[in-house]
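Only one structure is covered here, and it is reproduced in the block below.
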Amino acid sequence: MSTGRLADKVALVTGAARGTGELVARRFVAEGARVVLGDVLEAEAGAVAKDLGDAACALRLDVTSEEDWQAAIETTNERFGGLDVLVNNAAILHLEALVDTPPERFQALLQVNLYGPFLGIRAAAGAMTERGGGSIVNVCSVDGVQGKNGVAAYASSKWGLRGLTRVAAVELGRAGIRVNTVCPEAGSTHMIGPYVPEGVDPGIVHGFGQPFLPYQRERTNDERLGDIVSMILFLASDESRSSTGSDFLVDSGNTQLKRVKGAPGA
Ligand SMILES: NC(=O)c1ccc[n+]([C@@H]2O[C@H](COP(=O)([O-])OP(=O)(O)OC[C@H]3O[C@@H](n4cnc5c(N)ncnc54)[C@H](O)[C@@H]3O)[C@@H](O)[C@H]2O)c1
């Protein structure tokens with residue numbers, strides 16, 4: 001049921017062809033926004049937009065291309081008359097040991113996950129300034145707030161994104177533009193699927209189900225995704241107008257809390 005939390009807002013969501021980005025686009029439209037879905041998977045993004053009707057449109061947007069970003073902002077202005085919200089959601093993942101990571105793969109990942117949002121913020125700032133402000137939500141990860149094996153490139157990109165977020169929040173704040181991150185513990189199974197053995201719950205990759213996690217409420221991956229989308233919605237909306245330059249963890253406490261076996265209170 002829509003409560004119109006994004007009524008009159010225009011949003012651009014990257015990586016919206018599937019997974020988290022698709023769910024964000026669907027939720028934003030349900031909450032009254034008009035949404036442009038950008039992705040390299042143009043046909044898939046187009047199918048989602050078609051399903052959403054007049055409140056949505058799709059375009060090919062490779063977030064590593066400055067020209068694509070300029071075209072995306074122009075299309076958003078032409079189609080919906082301005083831009084209020086940018087969700088930098090598109091990203092890629094490689095899981096491999098640091099010493100096995102080829103330099104070109106490290107650089108290619110940073111191009112999408114860090115350089116892409118940089119170009120996006122740069123491209124969106126002017127259009128949002130013309131509107132008198134806006135909200136930029138950078139989709140980060142628990143791997144942007146902790147150290148873990150196997151994610152040298154990915155973690156570097158997400159830690160970097162948190163730094164970029166702070167600089168952008170300072171520099172764009174005077175134009176009324178807020179910039180925050182969401183750091184999710186989960187996402188689409190498309191992303192981690194290739195690294196999960198057949199028949200194994202993808203949650204295993206994130207460590208869910210271990211007996212000494214601090215918060216022990218069972219949730220399905222879809223429920224976790226719904227919670228992540230809710231956080232992105234909150235940050236996109238004016239309800240979060242007093243928050244900028246911050247990280248919003250959707251991690252069940254797992255990056256900051258530790259339940260110690262045998263110690264009092266365990
Ligand atoms: N999957 C997880 O377990 C997980 C956990 C924490 C955070 N995240 C983050 O959530 C966000 C969404 O990921 P997801 O889980 O939905 O994965 P996903 O792979 O389903 O979605 C990513 C989307 O980004 C698009 N994309 C990739 N490269 C692009 C490019 N150069 N330009 C434009 N679009 C591009 C893909 O086509 C895809 O549609 C990402 O920022 C990811 O890092 C995911």
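Lettering and numbering for the structure tokens are positional, with chains as A, B, ... in the shown order, residues counted from 1 in each chain, and ligands counted from 1 in the shown order.
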Exercise for review: Write out as an NGL selection string all residues of segment 41-185 of chain A that DSSP puts in alpha helix (DSSP H) for this structure's backbone.
Suggested key: :A and (42-52 or 66-80 or 103-110 or 116-131 or 152-173)
Point to revise | Residue neighbourhood segment 213-217 of chain A, 12 Å, only C-alpha atoms, exclusion window fewer than 5 positions, as a VMD selection string | key: chain A and resid 206 to 208 223 to 224 251 to 261 265 to 266
Practice item. Find the residues near ligand 1. Use a cut-off of 7 Å, count only C-alpha atoms and all ligand atoms, and write them as a PyMOL selection string. Key: chain A and resi 14-21+38-41+61-64+89-93+112+139-142+183-192
Exercise for review: Give me the residues within 7 Å of Val87 of chain A as a ChimeraX atom specification, counting only C-alpha atoms and dropping any in the same chain fewer than 2 places off.
Suggested key: /A:12-14,85,89,136-138
Exercise for review: Mind checking which residues fall within 12 Å of Phe28 of chain A, counting only C-alpha atoms, ignoring those fewer than 2 positions away in the same chain, and posting them as a ChimeraX atom specification?
Suggested key: /A:1-13,16,21-26,30-37,52,55-56,85-87,229-237
Exercise for review: Report the distance between atom CA of Ser240 of chain A and atom CA of Glu74 of chain A in Å, rounded to one decimal place.
Suggested key: 26.9 Å
